[in-house]
>>> print(open('target-v4.cif').read())   # mmCIF, C-alpha atoms
data_coords
#
loop_
_atom_site.label_atom_id
_atom_site.label_comp_id
_atom_site.auth_asym_id
_atom_site.auth_seq_id
_atom_site.Cartn_x
_atom_site.Cartn_y
_atom_site.Cartn_z
CA MET Y 26 129.87 177.07 113.26
CA LYS Y 27 129.44 175.02 110.13
CA HIS Y 28 125.99 173.74 109.18
CA LYS Y 29 125.64 170.29 107.64
CA LEU Y 30 122.87 169.55 105.19
CA PRO Y 31 120.56 166.70 106.18
CA LEU Y 32 121.23 163.43 104.33
CA PHE Y 33 117.89 163.42 102.50
CA LEU Y 34 118.63 166.89 101.06
CA LEU Y 35 121.96 165.68 99.74
CA LEU Y 36 120.21 162.74 98.07
CA LEU Y 37 117.70 165.07 96.44
CA LEU Y 38 120.57 167.08 95.00
CA ILE Y 39 122.47 164.03 93.76
CA ILE Y 40 119.63 161.92 92.28
CA PRO Y 41 118.78 164.31 89.40
CA LEU Y 42 122.41 164.08 88.30
CA VAL Y 43 122.24 160.30 87.82
CA SER Y 44 118.60 159.77 86.85
CA ALA Y 45 119.06 159.94 83.08
CA ALA Y 46 119.95 157.10 80.75
CA THR Y 47 121.52 157.62 77.33
CA LEU Y 48 119.60 156.67 74.18
CA LYS Y 49 121.82 156.64 71.12
CA GLY Y 50 122.25 154.98 67.75
CA SER Y 51 123.09 155.34 64.08
CA ILE Y 52 120.82 156.40 61.22
CA TYR Y 53 120.96 154.57 57.87
CA ASP Y 54 119.49 155.46 54.49
CA GLU Y 55 117.90 153.05 51.98
CA ASN Y 56 121.36 151.99 50.75
CA LEU Y 57 122.40 151.18 54.36
CA ASP Y 58 124.87 154.07 54.38
CA LEU Y 59 125.00 156.51 57.28
CA ALA Y 60 122.41 159.20 56.55
CA GLN Y 61 123.44 162.84 56.51
CA ASP Y 62 121.58 165.84 57.99
CA VAL Y 63 118.72 163.99 59.71
CA LEU Y 64 116.52 165.80 62.23
CA VAL Y 65 115.85 163.56 65.25
CA GLU Y 66 113.17 164.52 67.80
CA VAL Y 67 111.99 162.95 71.04
CA ASN Y 68 108.75 163.97 72.78
CA THR Y 69 110.17 164.92 76.16
CA GLN Y 70 108.94 167.96 78.06
CA PRO Y 71 110.25 170.18 76.65
CA GLN Y 72 110.80 168.43 73.32
CA GLN Y 73 114.40 167.62 72.41
CA LYS Y 74 115.67 168.03 68.85
CA TYR Y 75 119.02 166.99 67.41
CA LEU Y 76 120.40 167.48 63.88
CA ALA Y 77 122.43 164.37 63.10
CA LYS Y 78 124.89 165.64 60.51
CA THR Y 79 127.06 162.51 60.42
CA GLY Y 80 124.46 159.76 60.94
CA SER Y 81 124.42 159.36 64.72
CA TYR Y 82 122.34 160.77 67.59
CA SER Y 83 122.22 160.74 71.38
CA PHE Y 84 119.67 161.81 74.01
CA ASP Y 85 119.69 161.74 77.82
CA LEU Y 86 116.31 160.43 79.00
CA SER Y 87 114.74 159.62 82.35
CA PRO Y 88 112.71 156.38 82.71
CA GLY Y 89 109.48 156.42 80.72
CA LYS Y 90 107.92 155.83 77.29
CA TYR Y 91 108.91 158.07 74.39
CA THR Y 92 108.31 158.54 70.68
CA LEU Y 93 111.44 159.03 68.59
CA THR Y 94 111.09 160.64 65.15
CA ALA Y 95 113.77 160.91 62.46
CA LYS Y 96 113.18 162.73 59.20
CA ASN Y 97 114.98 164.13 56.19
CA ASP Y 98 113.74 165.57 52.90
CA GLN Y 99 112.47 162.13 51.75
CA TYR Y 100 111.32 159.97 54.65
CA VAL Y 101 109.92 160.14 58.17
CA VAL Y 102 110.48 157.25 60.60
CA THR Y 103 108.85 156.93 64.02
CA GLU Y 104 109.91 154.50 66.74
CA ASN Y 105 108.50 153.93 70.22
CA VAL Y 106 111.04 153.34 72.97
CA GLU Y 107 110.77 152.68 76.69
CA ILE Y 108 113.54 153.60 79.13
CA LEU Y 109 113.36 151.22 82.09
CA SER Y 110 116.48 152.10 84.05
CA PRO Y 111 117.63 155.57 85.13
CA ALA Y 112 121.21 154.67 84.20
CA GLY Y 113 123.10 152.98 81.39
CA GLU Y 114 122.89 153.14 77.60
CA TYR Y 115 120.16 152.10 75.16
CA LEU Y 116 121.04 151.42 71.52
CA LEU Y 117 118.43 152.00 68.79
CA ASP Y 118 119.47 152.24 65.14
CA LEU Y 119 117.07 154.02 62.77
CA PHE Y 120 116.46 153.21 59.10
CA LEU Y 121 115.12 155.90 56.76
CA LEU Y 122 113.21 153.61 54.41
CA PRO Y 123 110.02 153.87 52.36
CA ASP Y 124 106.77 152.95 54.09
CA PHE Y 125 104.43 150.15 53.03
CA VAL Y 126 102.62 152.16 50.32
CA GLU Y 127 103.90 149.92 47.54
CA GLU Y 128 102.82 146.77 49.39
CA ASP Y 129 99.37 148.22 50.06
CA GLU Y 130 98.95 149.15 46.41
CA LEU Y 131 99.80 145.60 45.34
CA TRP Y 132 97.29 144.15 47.76
CA GLN Y 133 94.63 146.65 46.74
CA GLU Y 134 95.08 145.60 43.12
CA THR Y 135 93.93 142.11 44.13
CA GLN Y 136 90.76 143.54 45.68
CA GLN Y 137 89.38 145.42 42.68
CA GLU Y 138 85.60 145.26 42.32
CA LEU Y 139 83.96 144.05 39.13
CA PRO Y 140 81.07 145.98 37.52
CA LEU Y 141 77.64 144.59 38.43
CA GLU Y 142 74.66 144.19 36.14
CA THR Y 143 71.61 146.37 36.77
CA GLU Y 144 68.05 145.70 35.69
CA GLU Y 145 67.84 149.03 33.89
CA ASN Y 146 71.05 148.50 31.84
CA PRO Y 147 71.72 144.77 31.29
CA LEU Y 148 75.25 144.04 30.16
CA PRO Y 149 75.82 142.44 26.76
CA LEU Y 150 77.36 138.96 26.49
CA TRP Y 151 80.82 140.23 25.57
CA SER Y 152 80.92 142.28 28.80
CA TRP Y 153 80.24 139.12 30.82
CA ILE Y 154 83.06 137.33 29.00
CA ILE Y 155 85.52 140.16 29.74
CA ALA Y 156 84.32 140.33 33.36
CA ALA Y 157 84.85 136.57 33.72
CA ILE Y 158 88.39 136.83 32.32
CA VAL Y 159 89.23 139.72 34.66
CA PHE Y 160 87.69 137.85 37.59
CA LEU Y 161 89.73 134.71 36.87
CA ALA Y 162 92.91 136.78 36.50
CA LEU Y 163 92.28 138.53 39.83
CA LEU Y 164 91.43 135.23 41.49
CA ALA Y 165 94.65 133.69 40.21
CA ARG Y 166 96.60 136.70 41.48
CA ILE Y 167 94.96 136.51 44.90
CA ILE Y 168 95.73 132.80 45.17
CA TYR Y 169 99.33 133.36 44.06
CA THR Y 170 99.80 136.32 46.45
CA ARG Y 171 98.27 134.47 49.40
CA LYS Y 172 100.34 131.38 48.69
CA LYS Y 173 103.57 133.37 48.41
CA TYR Y 174 103.11 135.91 51.21
CA GLY Y 175 100.32 134.55 53.43
CA SER Y 176 97.55 136.78 54.76
CA LEU Y 177 97.89 140.57 54.61
CA TRP Y 178 98.05 140.78 58.41
CA THR Y 179 100.84 138.20 58.56
CA PHE Y 180 102.68 139.85 55.68
CA ARG Y 181 102.58 143.32 57.26
CA LYS Y 182 103.69 141.87 60.59
CA LYS Y 183 106.71 140.20 58.96
CA ILE Y 184 107.69 143.36 57.08
CA LYS Y 185 107.41 145.47 60.25
CA ALA Y 186 109.58 142.98 62.14
CA GLU Y 187 112.12 143.03 59.28
CA SER Y 188 112.32 146.84 59.32
CA LYS Y 189 113.20 146.86 63.02
CA LYS Y 190 116.23 144.59 62.60
CA THR Y 191 119.68 146.10 62.85
CA LEU Y 192 122.28 146.07 60.10
CA GLU Y 193 124.21 143.30 61.87
CA GLN Y 194 121.09 141.14 62.14
CA HIS Y 195 120.45 141.49 58.39
CA LYS Y 196 124.05 140.53 57.65
CA GLU Y 197 123.84 137.47 59.91
CA GLU Y 198 120.63 136.28 58.25
CA LEU Y 199 122.10 136.70 54.76
CA ALA Y 200 125.17 134.74 55.85
CA GLN Y 201 122.90 131.94 57.10
CA GLU Y 202 120.64 132.07 54.02
CA PRO Y 203 122.89 132.66 50.96
CA GLY Y 204 119.97 131.57 48.77
CA TYR Y 205 118.65 135.15 48.88
CA LEU Y 206 121.48 136.22 46.56
CA ASP Y 207 120.65 133.44 44.08
CA GLN Y 208 116.97 134.42 44.15
CA ALA Y 209 117.86 138.02 43.33
CA LEU Y 210 120.08 136.92 40.45
CA GLU Y 211 117.30 134.74 39.03
CA ILE Y 212 114.88 137.66 39.14
CA ILE Y 213 117.36 139.91 37.32
CA LYS Y 214 117.91 137.19 34.68
CA LYS Y 215 114.14 136.90 34.24
CA HIS Y 216 114.10 140.61 33.34
CA ASP Y 217 116.73 140.13 30.60
CA GLY Y 218 119.59 141.02 32.92
CA ARG Y 219 118.41 144.57 33.64
CA ILE Y 220 116.07 145.75 36.39
CA ASN Y 221 115.68 148.81 38.59
CA GLN Y 222 116.05 148.32 42.32
CA LYS Y 223 112.45 149.34 43.00
CA GLU Y 224 111.19 146.57 40.73
CA LEU Y 225 113.49 144.05 42.43
CA ARG Y 226 112.00 145.20 45.76
CA LYS Y 227 108.52 144.38 44.44
CA GLU Y 228 109.67 140.95 43.27
CA MET Y 229 111.15 140.27 46.74
CA MET Y 230 108.36 141.98 48.65
CA TYR Y 231 108.57 139.40 51.44
CA LEU Y 232 111.91 140.97 52.47
CA SER Y 233 112.45 144.42 53.96
CA GLU Y 234 113.86 147.33 51.96
CA ALA Y 235 117.00 147.22 54.12
CA LYS Y 236 117.64 143.55 53.39
CA VAL Y 237 117.08 143.98 49.63
CA SER Y 238 119.53 146.91 49.65
CA LEU Y 239 122.05 144.75 51.48
CA ILE Y 240 121.55 141.95 48.91
CA VAL Y 241 122.22 144.41 46.07
CA THR Y 242 125.34 145.68 47.85
CA GLU Y 243 126.60 142.12 48.32
CA LEU Y 244 125.96 141.23 44.65
CA GLU Y 245 127.77 144.38 43.58
CA HIS Y 246 130.68 143.53 45.91
CA LYS Y 247 130.91 140.02 44.42
CA GLY Y 248 130.95 141.47 40.90
CA LYS Y 249 127.66 139.82 39.93
CA VAL Y 250 125.83 143.04 39.09
CA GLU Y 251 126.58 146.65 38.30
CA LYS Y 252 124.53 149.36 40.03
CA ILE Y 253 123.96 152.55 38.06
CA LYS Y 254 122.38 155.63 39.62
CA LYS Y 255 119.41 156.84 37.56
CA GLY Y 256 117.37 159.74 38.91
CA ARG Y 257 116.31 158.92 42.47
CA GLY Y 258 116.71 155.17 41.96
CA ASN Y 259 119.23 152.55 40.88
CA VAL Y 260 119.36 150.33 37.81
CA LEU Y 261 120.91 146.87 38.28
CA ILE Y 262 122.67 145.27 35.31
CA LEU Y 263 123.74 141.63 35.34
CA LYS Y 264 127.43 141.16 34.54
#
>>> encode(input="target-v4.cif", output="structure tokens")
Amino acid sequence: MKHKLPLFLLLLLIIPLVSAATLKGSIYDENLDLAQDVLVEVNTQPQQKYLAKTGSYSFDLSPGKYTLTAKNDQYVVTENVEILSPAGEYLLDLFLLPDFVEEDELWQETQQELPLETEENPLPLWSWIIAAIVFLALLARIIYTRKKYGSLWTFRKKIKAESKKTLEQHKEELAQEPGYLDQALEIIKKHDGRINQKELRKEMMYLSEAKVSLIVTELEHKGKVEKIKKGRGNVLILK
């Protein structure tokens, strides 16, 4: 006599087989090329690790909140992701880009403290003159920075939002705003037709590293500039 399993036991056996969604995506470097040999980790129990040799990754995840980490020998990128459905696919591209250290340094330069006079050691007149000049220079820089980028909180929020955009979103925005290319050319001309890409990034700090890299690639494609590899960076020469 054959025994049939109860229906609820069959469901318990089947559900685990279909309760995982797929999280996948591509990994890009600072030049918006597919990154090689990137270690991708997700904080499941137990933790899952995947070595993306060709710039793509994939994980099967059940519904929940996770932290996804991608790292190579230069950068570490962390993204939070939430899986809402136990089925289907979730696409999340990762960009191995520098953090906001350069932006923070620029802002910190505008917050330098001036030496104060003490009763025991009064400053001579020439020190007050130099302090006044430095103060006016810093004040002018603060006003210029605030006018160009807004508050630090707003600026960091914009940069974070920019870094989360996909490659296609960056391309669409550049197609809608071709003036970005002209701005980059003007900056290069201002530096006598020669500038390294890191310096151009500082001049266009209101844009993300990914978008600046895409602008450089587009200018190179149009024959406007020549990109020369120098050390760990690139030098851009106006043609």
>>> resolve_selection(input="target-v4.cif", expression="the PyMOL selection byres ((chain Y and resi 98) around 10)", output="list in words")
Asp62, Val63, Leu64, Lys96, Asn97, Gln99, Tyr100 and Val101 of chain Y
>>> atom_distance(input="target-v4.cif", atom1="atom CA of Y:Thr191", atom2="atom CA of Y:Ser110")
22.3 Å
>>> closest_residue(input="target-v4.cif", among="Y:Leu164, Y:Met230, Y:Ala77, Y:Val260", to="Y:Glu245", atoms="only C-alpha atoms")
Y:Val260
>>> residues_around(input="target-v4.cif", residues="Y:Leu86", least_positions_apart="4", cutoff="9 Å", atoms="only C-alpha atoms", output="NGL selection string")
:Y and (44-48 or 69 or 108 or 111)
>>> write_last_selection(input="target-v4.cif", atoms="C-alpha atoms", output="tab-separated table (two decimals), in the coordinates of the input")
chain	number	residue	atom	x	y	z
Y	44	SER	CA	118.60	159.77	86.85
Y	45	ALA	CA	119.06	159.94	83.08
Y	46	ALA	CA	119.95	157.10	80.75
Y	47	THR	CA	121.52	157.62	77.33
Y	48	LEU	CA	119.60	156.67	74.18
Y	69	THR	CA	110.17	164.92	76.16
Y	108	ILE	CA	113.54	153.60	79.13
Y	111	PRO	CA	117.63	155.57	85.13
>>> closest_residue(input="target-v4.cif", among="Y:Gln194, Y:Ser87, Y:Gln72, Y:Ser238", to="Y:Ala112", atoms="all atoms listed in the file")
Y:Ser87
>>> atom_distance(input="target-v4.cif", atom1="atom CA of Y:Ile213", atom2="atom CA of Y:Arg226")
11.3 Å
>>> residues_around(input="target-v4.cif", residues="stretch 195-201 of chain Y", least_positions_apart="6", cutoff="8 Å", atoms="all atoms listed in the file", output="PyMOL selection string")
chain Y and resi 235-236+239-240
>>> closest_residue(input="target-v4.cif", among="Y:Tyr231, Y:His216, Y:Asp58, Y:Leu150", to="Y:Ala186", atoms="all atoms listed in the file")
Y:Tyr231
>>> atom_distance(input="target-v4.cif", atom1="atom CA of Y:Val65", atom2="atom CA of Y:Ser233")
22.5 Å
>>> closest_residue(input="target-v4.cif", among="Y:Leu244, Y:Gly218, Y:Lys190, Y:Tyr115", to="Y:Pro203", atoms="all atoms listed in the file")
Y:Leu244
